[in-house]
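Pasted below: upload10.txt, compact mmCIF, C-alpha atoms.
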# COMPACT_ATOMS: atom_id res chain seq x y z
CA MET A 20 2.23 34.20 -7.61
CA GLU A 21 3.88 33.30 -10.88
CA ALA A 22 7.35 34.65 -11.50
CA LYS A 23 7.47 37.80 -13.57
CA ALA A 24 8.30 37.40 -17.25
CA VAL A 25 11.89 38.13 -18.20
CA ALA A 26 12.33 41.01 -20.65
CA VAL A 27 15.53 42.13 -22.31
CA VAL A 28 15.42 45.75 -23.45
CA ASP A 29 17.85 47.98 -25.30
CA THR A 30 19.12 51.40 -24.26
CA ASN A 31 16.73 53.34 -26.46
CA VAL A 32 13.68 51.65 -24.98
CA LEU A 33 14.71 52.74 -21.48
CA LEU A 34 15.37 56.27 -22.74
CA ASN A 35 12.11 56.38 -24.65
CA LEU A 36 10.16 55.31 -21.57
CA ALA A 37 11.95 57.85 -19.38
CA THR A 38 11.52 60.73 -21.81
CA PRO A 39 7.86 61.60 -21.12
CA VAL A 40 8.54 61.33 -17.36
CA VAL A 41 11.28 63.98 -17.40
CA ASP A 42 9.78 66.14 -20.15
CA GLY A 43 8.14 69.02 -18.30
CA ARG A 44 6.71 70.61 -21.42
CA GLN A 45 2.98 70.90 -22.00
CA LYS A 46 2.97 68.41 -24.86
CA ALA A 47 4.41 65.61 -22.73
CA PRO A 48 1.84 63.22 -21.22
CA SER A 49 1.67 63.32 -17.44
CA GLY A 50 0.17 61.41 -14.54
CA SER A 51 1.89 58.03 -15.05
CA ASP A 52 5.42 56.70 -15.19
CA PRO A 53 5.93 54.14 -17.96
CA LEU A 54 9.58 53.51 -17.02
CA LYS A 55 8.81 52.64 -13.42
CA THR A 56 5.84 50.58 -14.57
CA LEU A 57 7.84 48.50 -17.03
CA LEU A 58 10.57 47.84 -14.48
CA MET A 59 7.97 46.70 -11.94
CA VAL A 60 5.84 44.45 -14.15
CA TYR A 61 8.66 42.59 -15.87
CA ASN A 62 11.95 41.24 -14.69
CA VAL A 63 14.12 43.49 -16.88
CA HIS A 64 17.58 42.38 -17.93
CA VAL A 65 20.19 44.36 -19.86
CA PRO A 66 23.81 43.90 -20.92
CA ALA A 67 26.11 45.87 -18.62
CA SER A 68 27.10 48.02 -21.60
CA VAL A 69 23.65 49.64 -21.48
CA LEU A 70 24.69 51.46 -18.30
CA GLY A 71 27.74 52.80 -20.13
CA GLU A 72 25.59 53.98 -23.04
CA LEU A 73 23.27 55.71 -20.58
CA THR A 74 26.17 57.40 -18.82
CA ASP A 75 27.47 58.59 -22.20
CA ALA A 76 24.09 60.18 -22.86
CA THR A 77 24.15 62.26 -19.65
CA GLY A 78 25.67 65.65 -19.04
CA SER A 79 24.50 67.58 -22.09
CA GLY A 80 21.56 69.26 -20.38
CA ASP A 81 19.05 68.20 -23.02
CA LEU A 82 15.96 66.02 -22.85
CA LEU A 83 17.86 62.87 -23.73
CA SER A 84 20.37 63.56 -20.99
CA ALA A 85 17.61 64.07 -18.39
CA ALA A 86 16.03 60.79 -19.53
CA ALA A 87 19.37 59.00 -19.16
CA ASP A 88 19.75 60.46 -15.65
CA LEU A 89 16.35 59.09 -14.69
CA VAL A 90 17.10 55.59 -16.01
CA LEU A 91 20.38 55.54 -14.09
CA GLN A 92 18.46 56.49 -10.94
CA ALA A 93 16.38 53.36 -11.50
CA ALA A 94 19.37 51.15 -12.31
CA ASP A 95 18.87 49.13 -9.11
CA HIS A 96 15.80 47.65 -10.79
CA LEU A 97 17.74 46.37 -13.79
CA THR A 98 19.53 43.03 -13.79
CA THR A 99 22.79 43.54 -15.65
CA HIS A 100 24.90 40.91 -17.36
CA ASN A 101 28.44 41.12 -18.54
CA VAL A 102 27.93 40.03 -22.10
CA GLU A 103 30.94 41.72 -23.64
CA ALA A 104 33.35 39.02 -22.67
CA GLN A 105 31.16 36.31 -24.15
CA LEU A 106 30.27 37.99 -27.39
CA GLY A 107 33.40 38.17 -29.48
CA GLU A 108 32.14 39.88 -32.58
CA PRO A 109 28.85 41.73 -33.05
CA LEU A 110 26.20 39.48 -34.56
CA GLU A 111 25.86 39.45 -38.30
CA TYR A 112 23.37 41.51 -40.24
CA GLY A 113 25.06 44.85 -39.53
CA LEU A 114 23.50 45.42 -36.11
CA ASP A 115 25.54 47.60 -33.79
CA ARG A 116 27.35 46.22 -30.80
CA GLY A 117 24.81 47.37 -28.19
CA GLU A 118 21.91 45.83 -30.08
CA SER A 119 23.90 42.64 -30.71
CA GLU A 120 24.65 42.27 -27.01
CA CYS A 121 20.98 42.67 -26.13
CA ILE A 122 19.98 40.00 -28.66
CA TRP A 123 22.71 37.66 -27.52
CA LEU A 124 21.58 38.09 -23.92
CA ASP A 125 17.95 37.54 -24.86
CA ASN A 126 18.75 34.31 -26.70
CA ASP A 127 21.13 33.12 -23.98
CA ALA A 128 18.66 33.79 -21.17
CA GLY A 129 15.73 32.39 -23.19
CA ALA A 130 13.90 35.60 -22.27
CA ASP A 131 10.14 35.88 -22.69
CA LEU A 132 10.37 39.26 -24.37
CA PHE A 133 12.72 41.42 -26.34
CA ILE A 134 11.78 45.08 -26.51
CA THR A 135 13.37 47.39 -29.05
CA ASP A 136 12.40 50.51 -30.92
CA GLU A 137 14.42 49.54 -33.97
CA PHE A 138 11.25 49.17 -35.96
CA ASN A 139 11.60 52.10 -38.35
CA THR A 140 14.36 50.65 -40.43
CA THR A 141 15.13 47.31 -41.97
CA ASN A 142 17.23 46.64 -38.86
CA TYR A 143 13.91 45.36 -37.57
CA LEU A 144 14.22 42.39 -39.93
CA PHE A 145 17.70 41.61 -38.73
CA VAL A 146 16.62 41.72 -35.09
CA ILE A 147 13.83 39.23 -35.88
CA LEU A 148 16.26 36.94 -37.68
CA ALA A 149 18.78 37.16 -34.88
CA LEU A 150 16.11 36.27 -32.34
CA ASP A 151 15.46 33.03 -34.22
CA ASP A 152 11.93 34.12 -35.02
CA ARG A 153 10.67 33.36 -31.54
CA ASN A 154 7.77 35.86 -31.75
CA ILE A 155 8.97 37.65 -28.66
CA LEU A 156 9.91 40.94 -30.30
CA PHE A 157 7.88 43.94 -29.19
CA THR A 158 8.20 47.71 -29.34
CA THR A 159 7.75 50.39 -26.68
CA PRO A 160 4.40 51.55 -28.13
CA HIS A 161 3.13 47.96 -28.29
CA ILE A 162 4.14 47.28 -24.68
CA LEU A 163 2.46 50.50 -23.54
CA CYS A 164 -0.77 49.35 -25.21
CA THR A 165 -0.44 46.00 -23.43
CA LEU A 166 -0.02 47.79 -20.09
CA ALA A 167 -3.22 49.69 -20.86
CA SER A 168 -5.15 46.55 -21.77
CA HIS A 169 -4.08 44.97 -18.47
CA GLU A 170 -5.26 48.15 -16.70
CA ILE A 171 -1.80 48.81 -15.36
CA LEU A 172 -1.50 52.16 -17.16
CA PRO A 173 -4.55 54.32 -17.93
CA SER A 174 -5.47 54.07 -21.62
CA GLU A 175 -5.77 57.88 -21.78
CA TYR A 176 -2.16 58.16 -20.69
CA VAL A 177 -0.98 55.60 -23.24
CA SER A 178 -2.93 57.28 -26.01
CA ALA A 179 -1.35 60.63 -25.10
CA ALA A 180 2.08 58.97 -24.98
CA LEU A 181 1.62 57.50 -28.47
CA THR A 182 0.73 60.94 -29.81
CA TYR A 183 3.76 62.37 -28.02
CA TYR A 184 6.07 59.81 -29.60
CA ILE A 185 4.66 60.43 -33.07
CA ASP A 186 5.18 64.18 -32.56
CA THR A 187 8.68 64.02 -31.14
CA LYS A 188 10.21 61.05 -32.96
CA SER A 189 10.20 60.00 -36.54
CA TRP A 190 8.42 56.77 -35.72
CA ASP A 191 6.26 54.94 -38.25
CA ALA A 192 3.02 56.79 -37.55
CA GLN A 193 0.86 54.31 -39.49
CA TYR A 194 2.09 51.47 -37.30
CA ILE A 195 1.37 53.41 -34.13
CA ASP A 196 -2.05 54.50 -35.36
CA GLN A 197 -2.84 50.88 -36.11
CA LEU A 198 -1.73 49.82 -32.62
CA ARG A 199 -3.90 52.53 -31.14
CA HIS A 200 -6.83 51.43 -33.25
CA GLN A 201 -6.51 47.70 -32.49
CA LYS A 202 -5.34 47.81 -28.90
CA LEU A 203 -6.63 50.99 -27.30
CA GLU A 204 -9.84 51.99 -28.98
CA GLN A 205 -11.50 48.73 -28.03
CA LEU A 206 -10.82 49.56 -24.37
CA ASP A 207 -12.91 52.74 -24.45
CA MET B 20 18.25 41.47 -69.49
CA SER B 21 15.40 41.49 -71.93
CA GLU B 22 12.08 41.87 -70.19
CA LYS B 23 8.70 41.61 -71.85
CA LYS B 24 7.48 45.01 -72.94
CA THR B 25 4.08 46.66 -72.93
CA ARG B 26 3.24 49.27 -75.51
CA VAL B 27 1.95 52.53 -74.02
CA ASP B 28 0.27 55.31 -76.00
CA PHE B 29 -0.48 58.60 -74.38
CA ASN B 30 -1.19 62.21 -75.19
CA ALA B 31 1.10 64.91 -73.89
CA PRO B 32 1.17 68.70 -74.36
CA GLN B 33 2.83 69.56 -77.66
CA SER B 34 5.32 71.94 -76.10
CA LEU B 35 6.49 69.24 -73.68
CA VAL B 36 6.99 66.72 -76.47
CA LYS B 37 8.92 69.37 -78.40
CA ARG B 38 11.20 70.02 -75.44
CA ALA B 39 11.72 66.30 -74.98
CA ASP B 40 12.57 65.87 -78.64
CA THR B 41 15.17 68.63 -78.42
CA VAL B 42 16.81 66.88 -75.49
CA VAL B 43 16.62 63.53 -77.27
CA GLU B 44 18.41 65.01 -80.24
CA ILE B 45 21.18 66.52 -78.14
CA LEU B 46 21.68 63.32 -76.16
CA ASP B 47 21.37 61.18 -79.25
CA ILE B 48 19.00 58.75 -77.59
CA SER B 49 15.51 57.59 -78.53
CA ARG B 50 12.39 59.30 -77.26
CA THR B 51 11.43 55.99 -75.67
CA ARG B 52 14.73 55.84 -73.77
CA LEU B 53 14.18 59.34 -72.39
CA LEU B 54 10.66 58.51 -71.26
CA ILE B 55 11.70 55.27 -69.60
CA ASP B 56 14.56 57.00 -67.78
CA ALA B 57 12.26 59.80 -66.67
CA LEU B 58 9.67 57.35 -65.41
CA GLU B 59 12.26 55.31 -63.53
CA ASP B 60 13.67 58.44 -61.91
CA GLU B 61 10.22 59.57 -60.85
CA LEU B 62 9.34 56.19 -59.35
CA GLU B 63 12.59 56.12 -57.45
CA ASN B 64 12.00 59.65 -56.14
CA LEU B 65 8.54 58.68 -54.99
CA ALA B 66 9.84 55.59 -53.21
CA ASN B 67 12.02 57.90 -51.14
CA ASP B 68 9.39 60.57 -50.66
CA GLU B 69 8.09 60.69 -47.11
CA GLU B 70 4.55 61.71 -47.98
CA PHE B 71 4.27 59.00 -50.62
CA ARG B 72 5.62 56.39 -48.22
CA ARG B 73 3.13 57.51 -45.61
CA ARG B 74 0.28 57.04 -48.07
CA LEU B 75 1.61 53.70 -49.24
CA SER B 76 1.99 52.46 -45.71
CA ASP B 77 -1.49 53.70 -44.84
CA ALA B 78 -2.91 51.80 -47.81
CA PHE B 79 -1.03 48.66 -46.76
CA TYR B 80 -2.17 48.82 -43.13
CA HIS B 81 -5.73 49.25 -44.31
CA ASP B 82 -5.48 46.36 -46.80
CA ARG B 83 -6.04 48.55 -49.83
CA ILE B 84 -2.81 47.28 -51.39
CA ASP B 85 -1.06 43.97 -50.96
CA TYR B 86 2.46 42.93 -50.05
CA ASP B 87 3.55 42.40 -53.68
CA THR B 88 2.66 45.96 -54.55
CA VAL B 89 4.69 47.31 -51.64
CA GLU B 90 7.59 45.08 -52.61
CA THR B 91 7.50 46.30 -56.21
CA ILE B 92 7.68 49.92 -55.10
CA LEU B 93 9.84 49.89 -51.99
CA GLY B 94 11.92 46.77 -52.43
CA ARG B 95 11.86 43.49 -50.56
CA GLU B 96 13.48 44.51 -47.26
CA GLU B 97 11.24 47.49 -46.62
CA ALA B 98 8.14 45.57 -47.70
CA MET B 99 9.09 42.71 -45.40
CA ARG B 100 9.65 45.12 -42.51
CA MET B 101 6.16 46.54 -42.97
CA LYS B 102 4.63 43.09 -43.29
CA LEU B 103 6.26 41.72 -40.13
CA LEU B 104 5.60 44.91 -38.17
CA ARG B 105 1.95 44.76 -39.17
CA ALA B 106 1.75 41.09 -38.22
CA SER B 107 3.36 41.80 -34.83
CA ILE B 108 0.40 43.96 -33.83
CA ASP B 109 -1.70 40.81 -33.45
CA GLN B 110 0.80 39.17 -31.13
CA SER B 111 0.58 39.51 -27.36
CA PRO B 112 3.64 39.89 -25.17
CA ALA B 113 4.15 37.93 -21.95
CA ILE B 114 1.65 39.03 -19.33
CA PRO B 115 2.83 41.97 -17.20
CA GLN B 116 2.44 41.38 -13.48
CA LEU B 117 2.03 44.02 -10.83
CA GLU B 118 1.87 42.56 -7.35
CA ASP B 119 1.28 45.35 -4.84
CA GLY B 120 0.87 48.45 -6.94
CA LEU B 121 3.68 50.77 -7.94
CA PRO B 122 6.16 52.02 -5.34
CA SER B 123 6.41 55.78 -4.71
CA ASP B 124 9.00 57.77 -6.65
CA ASP B 125 11.06 58.10 -3.45
CA GLU B 126 11.15 54.35 -2.94
CA PHE B 127 11.83 53.58 -6.58
CA TYR B 128 14.29 56.20 -7.77
CA ASN B 129 17.67 56.91 -6.35
CA GLY B 130 17.19 60.69 -6.20
CA GLU B 131 14.81 63.39 -7.39
CA ILE B 132 13.19 62.95 -10.80
CA PRO B 133 14.91 65.40 -13.15
CA GLU B 134 12.68 67.71 -15.15
CA TRP B 135 13.54 69.14 -18.54
CA THR B 136 11.49 72.12 -19.63
CA GLY B 137 12.99 72.94 -22.99
CA ALA B 138 15.32 75.58 -21.57
CA ASN B 139 17.87 74.75 -24.22
CA PRO B 140 16.06 75.30 -27.53
CA SER B 141 19.09 74.52 -29.65
CA VAL B 142 18.96 70.89 -28.64
CA ASP B 143 16.90 68.57 -30.75
CA ASP B 144 15.07 65.84 -28.87
CA GLU B 145 14.67 63.53 -31.84
CA SER B 146 18.13 62.12 -31.77
CA ASN B 147 17.56 58.72 -30.22
CA GLY B 148 15.90 55.99 -32.23
The structure in this file should be written as structure tokens.
Amino acid sequence: MEAKAVAVVDTNVLLNLATPVVDGRQKAPSGSDPLKTLLMVYNVHVPASVLGELTDATGSGDLLSAAADLVLQAADHLTTHNVEAQLGEPLEYGLDRGESECIWLDNDAGADLFITDEFNTTNYLFVILALDDRNILFTTPHILCTLASHEILPSEYVSAALTYYIDTKSWDAQYIDQLRHQKLEQLD
Amino acid sequence: MSEKKTRVDFNAPQSLVKRADTVVEILDISRTRLLIDALEDELENLANDEEFRRRLSDAFYHDRIDYDTVETILGREEAMRMKLLRASIDQSPAIPQLEDGLPSDDEFYNGEIPEWTGANPSVDDESNG
């Protein structure tokens, strides 16, 4: 068996994957667990600061806080790295420290994937630049579609999750619709 | 900066032209200046208007408009973001591998899965990017 691909992910990706799992409302998709799935199919690495960001997000009793609790309960499946000491200043381009650490780790580890949901703003450009244009940058909705095309997650679940994200987040709906069209509809 | 100009003739309601001329007189500027300013303001407003951006992006994703058009309207960074994001759809990430199926929740998670049911309506769930 080949070794699993190494993925570096940022805090928001983990939270976004956990959100539908802990959201007990009717509009949340159910029947699968995208967080558990991602952590099982890839070898997921994060800077240690991600755990701190998750802990900061807990305790407020809202959806985000429940999602952060769930990710922390799965923390044994994350490989953490102490990047802080090695990264003096945040990378250029105005990216925040957390994102900079993830990119630094990704480049340092020569990871196969970098997953971020920073695709709504021009930060997306800066992440691409910082990753040296290695074509390894993917988003949560893209990865979910990939998991459907490899029959690891049901395509009905992924389709419902995409709709859920469009409804609950201000994500670029045209991008997600296009992903759905190109990646999911051909599976039906 | 002197840019090449195009002459535009158009008909407008008389009352509107009259109002514009009053304003022009008060501001002591030319009618042309007022129209150019108004047009620039409107284009800038549209570039920041969510519905317009949605339609523009839709047109771009469906190849009804090209990159240069998006760049003219939204600026280079935003146009580039849309272009690269669109191109990324055709890329495939490293292959996910699942060896023996997924473990049970008990095996995987360190504790019960929390459930949030919207009991706290004052909290907005759109805060994380």
Test item: chain B residues at most 9 Å from chain A, counting only C-alpha atoms, as a PyMOL selection string: chain B and resi 73+76-77+80-81+96-97+99-101+103-105+107-118+120-122+124+127-140+142-148
Mind writing the picked residues with C-alpha atoms as a PDB file, in the coordinates of the input?
ATOM      1  CA  ARG B  73       3.130  57.510 -45.610  1.00  0.00           C
ATOM      2  CA  SER B  76       1.990  52.460 -45.710  1.00  0.00           C
ATOM      3  CA  ASP B  77      -1.490  53.700 -44.840  1.00  0.00           C
ATOM      4  CA  TYR B  80      -2.170  48.820 -43.130  1.00  0.00           C
ATOM      5  CA  HIS B  81      -5.730  49.250 -44.310  1.00  0.00           C
ATOM      6  CA  GLU B  96      13.480  44.510 -47.260  1.00  0.00           C
ATOM      7  CA  GLU B  97      11.240  47.490 -46.620  1.00  0.00           C
ATOM      8  CA  MET B  99       9.090  42.710 -45.400  1.00  0.00           C
ATOM      9  CA  ARG B 100       9.650  45.120 -42.510  1.00  0.00           C
ATOM     10  CA  MET B 101       6.160  46.540 -42.970  1.00  0.00           C
ATOM     11  CA  LEU B 103       6.260  41.720 -40.130  1.00  0.00           C
ATOM     12  CA  LEU B 104       5.600  44.910 -38.170  1.00  0.00           C
ATOM     13  CA  ARG B 105       1.950  44.760 -39.170  1.00  0.00           C
ATOM     14  CA  SER B 107       3.360  41.800 -34.830  1.00  0.00           C
ATOM     15  CA  ILE B 108       0.400  43.960 -33.830  1.00  0.00           C
ATOM     16  CA  ASP B 109      -1.700  40.810 -33.450  1.00  0.00           C
ATOM     17  CA  GLN B 110       0.800  39.170 -31.130  1.00  0.00           C
ATOM     18  CA  SER B 111       0.580  39.510 -27.360  1.00  0.00           C
ATOM     19  CA  PRO B 112       3.640  39.890 -25.170  1.00  0.00           C
ATOM     20  CA  ALA B 113       4.150  37.930 -21.950  1.00  0.00           C
ATOM     21  CA  ILE B 114       1.650  39.030 -19.330  1.00  0.00           C
ATOM     22  CA  PRO B 115       2.830  41.970 -17.200  1.00  0.00           C
ATOM     23  CA  GLN B 116       2.440  41.380 -13.480  1.00  0.00           C
ATOM     24  CA  LEU B 117       2.030  44.020 -10.830  1.00  0.00           C
ATOM     25  CA  GLU B 118       1.870  42.560  -7.350  1.00  0.00           C
ATOM     26  CA  GLY B 120       0.870  48.450  -6.940  1.00  0.00           C
ATOM     27  CA  LEU B 121       3.680  50.770  -7.940  1.00  0.00           C
ATOM     28  CA  PRO B 122       6.160  52.020  -5.340  1.00  0.00           C
ATOM     29  CA  ASP B 124       9.000  57.770  -6.650  1.00  0.00           C
ATOM     30  CA  PHE B 127      11.830  53.580  -6.580  1.00  0.00           C
ATOM     31  CA  TYR B 128      14.290  56.200  -7.770  1.00  0.00           C
ATOM     32  CA  ASN B 129      17.670  56.910  -6.350  1.00  0.00           C
ATOM     33  CA  GLY B 130      17.190  60.690  -6.200  1.00  0.00           C
ATOM     34  CA  GLU B 131      14.810  63.390  -7.390  1.00  0.00           C
ATOM     35  CA  ILE B 132      13.190  62.950 -10.800  1.00  0.00           C
ATOM     36  CA  PRO B 133      14.910  65.400 -13.150  1.00  0.00           C
ATOM     37  CA  GLU B 134      12.680  67.710 -15.150  1.00  0.00           C
ATOM     38  CA  TRP B 135      13.540  69.140 -18.540  1.00  0.00           C
ATOM     39  CA  THR B 136      11.490  72.120 -19.630  1.00  0.00           C
ATOM     40  CA  GLY B 137      12.990  72.940 -22.990  1.00  0.00           C
ATOM     41  CA  ALA B 138      15.320  75.580 -21.570  1.00  0.00           C
ATOM     42  CA  ASN B 139      17.870  74.750 -24.220  1.00  0.00           C
ATOM     43  CA  PRO B 140      16.060  75.300 -27.530  1.00  0.00           C
ATOM     44  CA  VAL B 142      18.960  70.890 -28.640  1.00  0.00           C
ATOM     45  CA  ASP B 143      16.900  68.570 -30.750  1.00  0.00           C
ATOM     46  CA  ASP B 144      15.070  65.840 -28.870  1.00  0.00           C
ATOM     47  CA  GLU B 145      14.670  63.530 -31.840  1.00  0.00           C
ATOM     48  CA  SER B 146      18.130  62.120 -31.770  1.00  0.00           C
ATOM     49  CA  ASN B 147      17.560  58.720 -30.220  1.00  0.00           C
ATOM     50  CA  GLY B 148      15.900  55.990 -32.230  1.00  0.00           C
TER      51      GLY B 148
END
Interatomic distance, atom CA of A:Asp29 to atom CA of A:Arg153 (Å, one decimal): 17.4 Å
Between atom CA of A:Leu148 and atom CA of B:Leu65, what is the distance, to one decimal in Å?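 So the two atoms, atom CA of A:Leu148 and atom CA of B:Leu65, lie 28.8 Å apart.
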Which distance in Å separates atom CA of A:Asn101 and atom CA of A:Ala67, to one decimal?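 If I compute the distance from atom CA of A:Asn101 to atom CA of A:Ala67, I get 5.3 Å.
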Residues within 9 Å of A:Asp125, please, as a tab-separated table (two decimals) with C-alpha atoms, in the frame of the given file. Count only C-alpha atoms; anything in the same chain fewer than 2 positions from it doesn't count.
chain	number	residue	atom	x	y	z
A	26	ALA	CA	12.33	41.01	-20.65
A	27	VAL	CA	15.53	42.13	-22.31
A	28	VAL	CA	15.42	45.75	-23.45
A	64	HIS	CA	17.58	42.38	-17.93
A	65	VAL	CA	20.19	44.36	-19.86
A	120	GLU	CA	24.65	42.27	-27.01
A	121	CYS	CA	20.98	42.67	-26.13
A	122	ILE	CA	19.98	40.00	-28.66
A	123	TRP	CA	22.71	37.66	-27.52
A	127	ASP	CA	21.13	33.12	-23.98
A	128	ALA	CA	18.66	33.79	-21.17
A	129	GLY	CA	15.73	32.39	-23.19
A	130	ALA	CA	13.90	35.60	-22.27
A	131	ASP	CA	10.14	35.88	-22.69
A	132	LEU	CA	10.37	39.26	-24.37
A	133	PHE	CA	12.72	41.42	-26.34
A	150	LEU	CA	16.11	36.27	-32.34
Counting all atoms listed in the file, the residue of A:Leu163, A:Leu114, A:Ile185, A:Ala179 that sits nearest A:Ser49: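 Of A:Leu163, A:Leu114, A:Ile185, A:Ala179, the one nearest A:Ser49 is A:Ala179, counting all atoms listed in the file.
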Taking only C-alpha atoms into account, which of B:Glu63, B:Leu35, B:Arg72, B:Asp119 comes nearest B:Ala98? B:Arg72
Missing atoms of stretch 50-66 of chain A rebuilt to N, CA and C atoms, written as a PDB file, keeping the file's coordinate frame:
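Output contents, as saved in part_34.pdb:
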ATOM      1  N   GLY A  50       1.071  62.154 -15.422  1.00  0.00           N
ATOM      2  CA  GLY A  50       0.170  61.410 -14.540  1.00  0.00           C
ATOM      3  C   GLY A  50       0.562  59.948 -14.355  1.00  0.00           C
ATOM      4  N   SER A  51       1.435  59.415 -15.213  1.00  0.00           N
ATOM      5  CA  SER A  51       1.890  58.030 -15.050  1.00  0.00           C
ATOM      6  C   SER A  51       3.389  57.980 -15.324  1.00  0.00           C
ATOM      7  N   ASP A  52       3.977  56.853 -14.994  1.00  0.00           N
ATOM      8  CA  ASP A  52       5.420  56.700 -15.190  1.00  0.00           C
ATOM      9  C   ASP A  52       5.671  55.363 -15.891  1.00  0.00           C
ATOM     10  N   PRO A  53       5.780  55.398 -17.220  1.00  0.00           N
ATOM     11  CA  PRO A  53       5.930  54.140 -17.960  1.00  0.00           C
ATOM     12  C   PRO A  53       7.247  53.418 -17.662  1.00  0.00           C
ATOM     13  N   LEU A  54       8.294  54.160 -17.317  1.00  0.00           N
ATOM     14  CA  LEU A  54       9.580  53.510 -17.020  1.00  0.00           C
ATOM     15  C   LEU A  54       9.453  52.684 -15.740  1.00  0.00           C
ATOM     16  N   LYS A  55       8.972  53.341 -14.693  1.00  0.00           N
ATOM     17  CA  LYS A  55       8.810  52.640 -13.420  1.00  0.00           C
ATOM     18  C   LYS A  55       7.869  51.442 -13.596  1.00  0.00           C
ATOM     19  N   THR A  56       6.813  51.644 -14.364  1.00  0.00           N
ATOM     20  CA  THR A  56       5.840  50.580 -14.570  1.00  0.00           C
ATOM     21  C   THR A  56       6.486  49.372 -15.242  1.00  0.00           C
ATOM     22  N   LEU A  57       7.213  49.622 -16.325  1.00  0.00           N
ATOM     23  CA  LEU A  57       7.840  48.500 -17.030  1.00  0.00           C
ATOM     24  C   LEU A  57       8.783  47.740 -16.100  1.00  0.00           C
ATOM     25  N   LEU A  58       9.570  48.497 -15.334  1.00  0.00           N
ATOM     26  CA  LEU A  58      10.570  47.840 -14.480  1.00  0.00           C
ATOM     27  C   LEU A  58       9.918  47.086 -13.322  1.00  0.00           C
ATOM     28  N   MET A  59       8.672  47.427 -13.005  1.00  0.00           N
ATOM     29  CA  MET A  59       7.970  46.700 -11.940  1.00  0.00           C
ATOM     30  C   MET A  59       7.205  45.483 -12.450  1.00  0.00           C
ATOM     31  N   VAL A  60       6.709  45.547 -13.688  1.00  0.00           N
ATOM     32  CA  VAL A  60       5.840  44.450 -14.150  1.00  0.00           C
ATOM     33  C   VAL A  60       6.598  43.322 -14.838  1.00  0.00           C
ATOM     34  N   TYR A  61       7.820  43.640 -15.285  1.00  0.00           N
ATOM     35  CA  TYR A  61       8.660  42.590 -15.870  1.00  0.00           C
ATOM     36  C   TYR A  61       9.970  42.530 -15.111  1.00  0.00           C
ATOM     37  N   ASN A  62      10.625  41.405 -15.240  1.00  0.00           N
ATOM     38  CA  ASN A  62      11.950  41.240 -14.690  1.00  0.00           C
ATOM     39  C   ASN A  62      12.907  41.670 -15.811  1.00  0.00           C
ATOM     40  N   VAL A  63      13.415  42.897 -15.732  1.00  0.00           N
ATOM     41  CA  VAL A  63      14.120  43.490 -16.880  1.00  0.00           C
ATOM     42  C   VAL A  63      15.626  43.275 -16.792  1.00  0.00           C
ATOM     43  N   HIS A  64      16.153  42.678 -17.858  1.00  0.00           N
ATOM     44  CA  HIS A  64      17.580  42.380 -17.930  1.00  0.00           C
ATOM     45  C   HIS A  64      18.225  43.189 -19.051  1.00  0.00           C
ATOM     46  N   VAL A  65      19.452  43.629 -18.822  1.00  0.00           N
ATOM     47  CA  VAL A  65      20.190  44.360 -19.860  1.00  0.00           C
ATOM     48  C   VAL A  65      21.662  43.938 -19.823  1.00  0.00           C
ATOM     49  N   PRO A  66      22.357  44.062 -20.966  1.00  0.00           N
ATOM     50  CA  PRO A  66      23.810  43.900 -20.920  1.00  0.00           C
ATOM     51  C   PRO A  66      24.401  45.064 -20.129  1.00  0.00           C
TER      52      PRO A  66
END
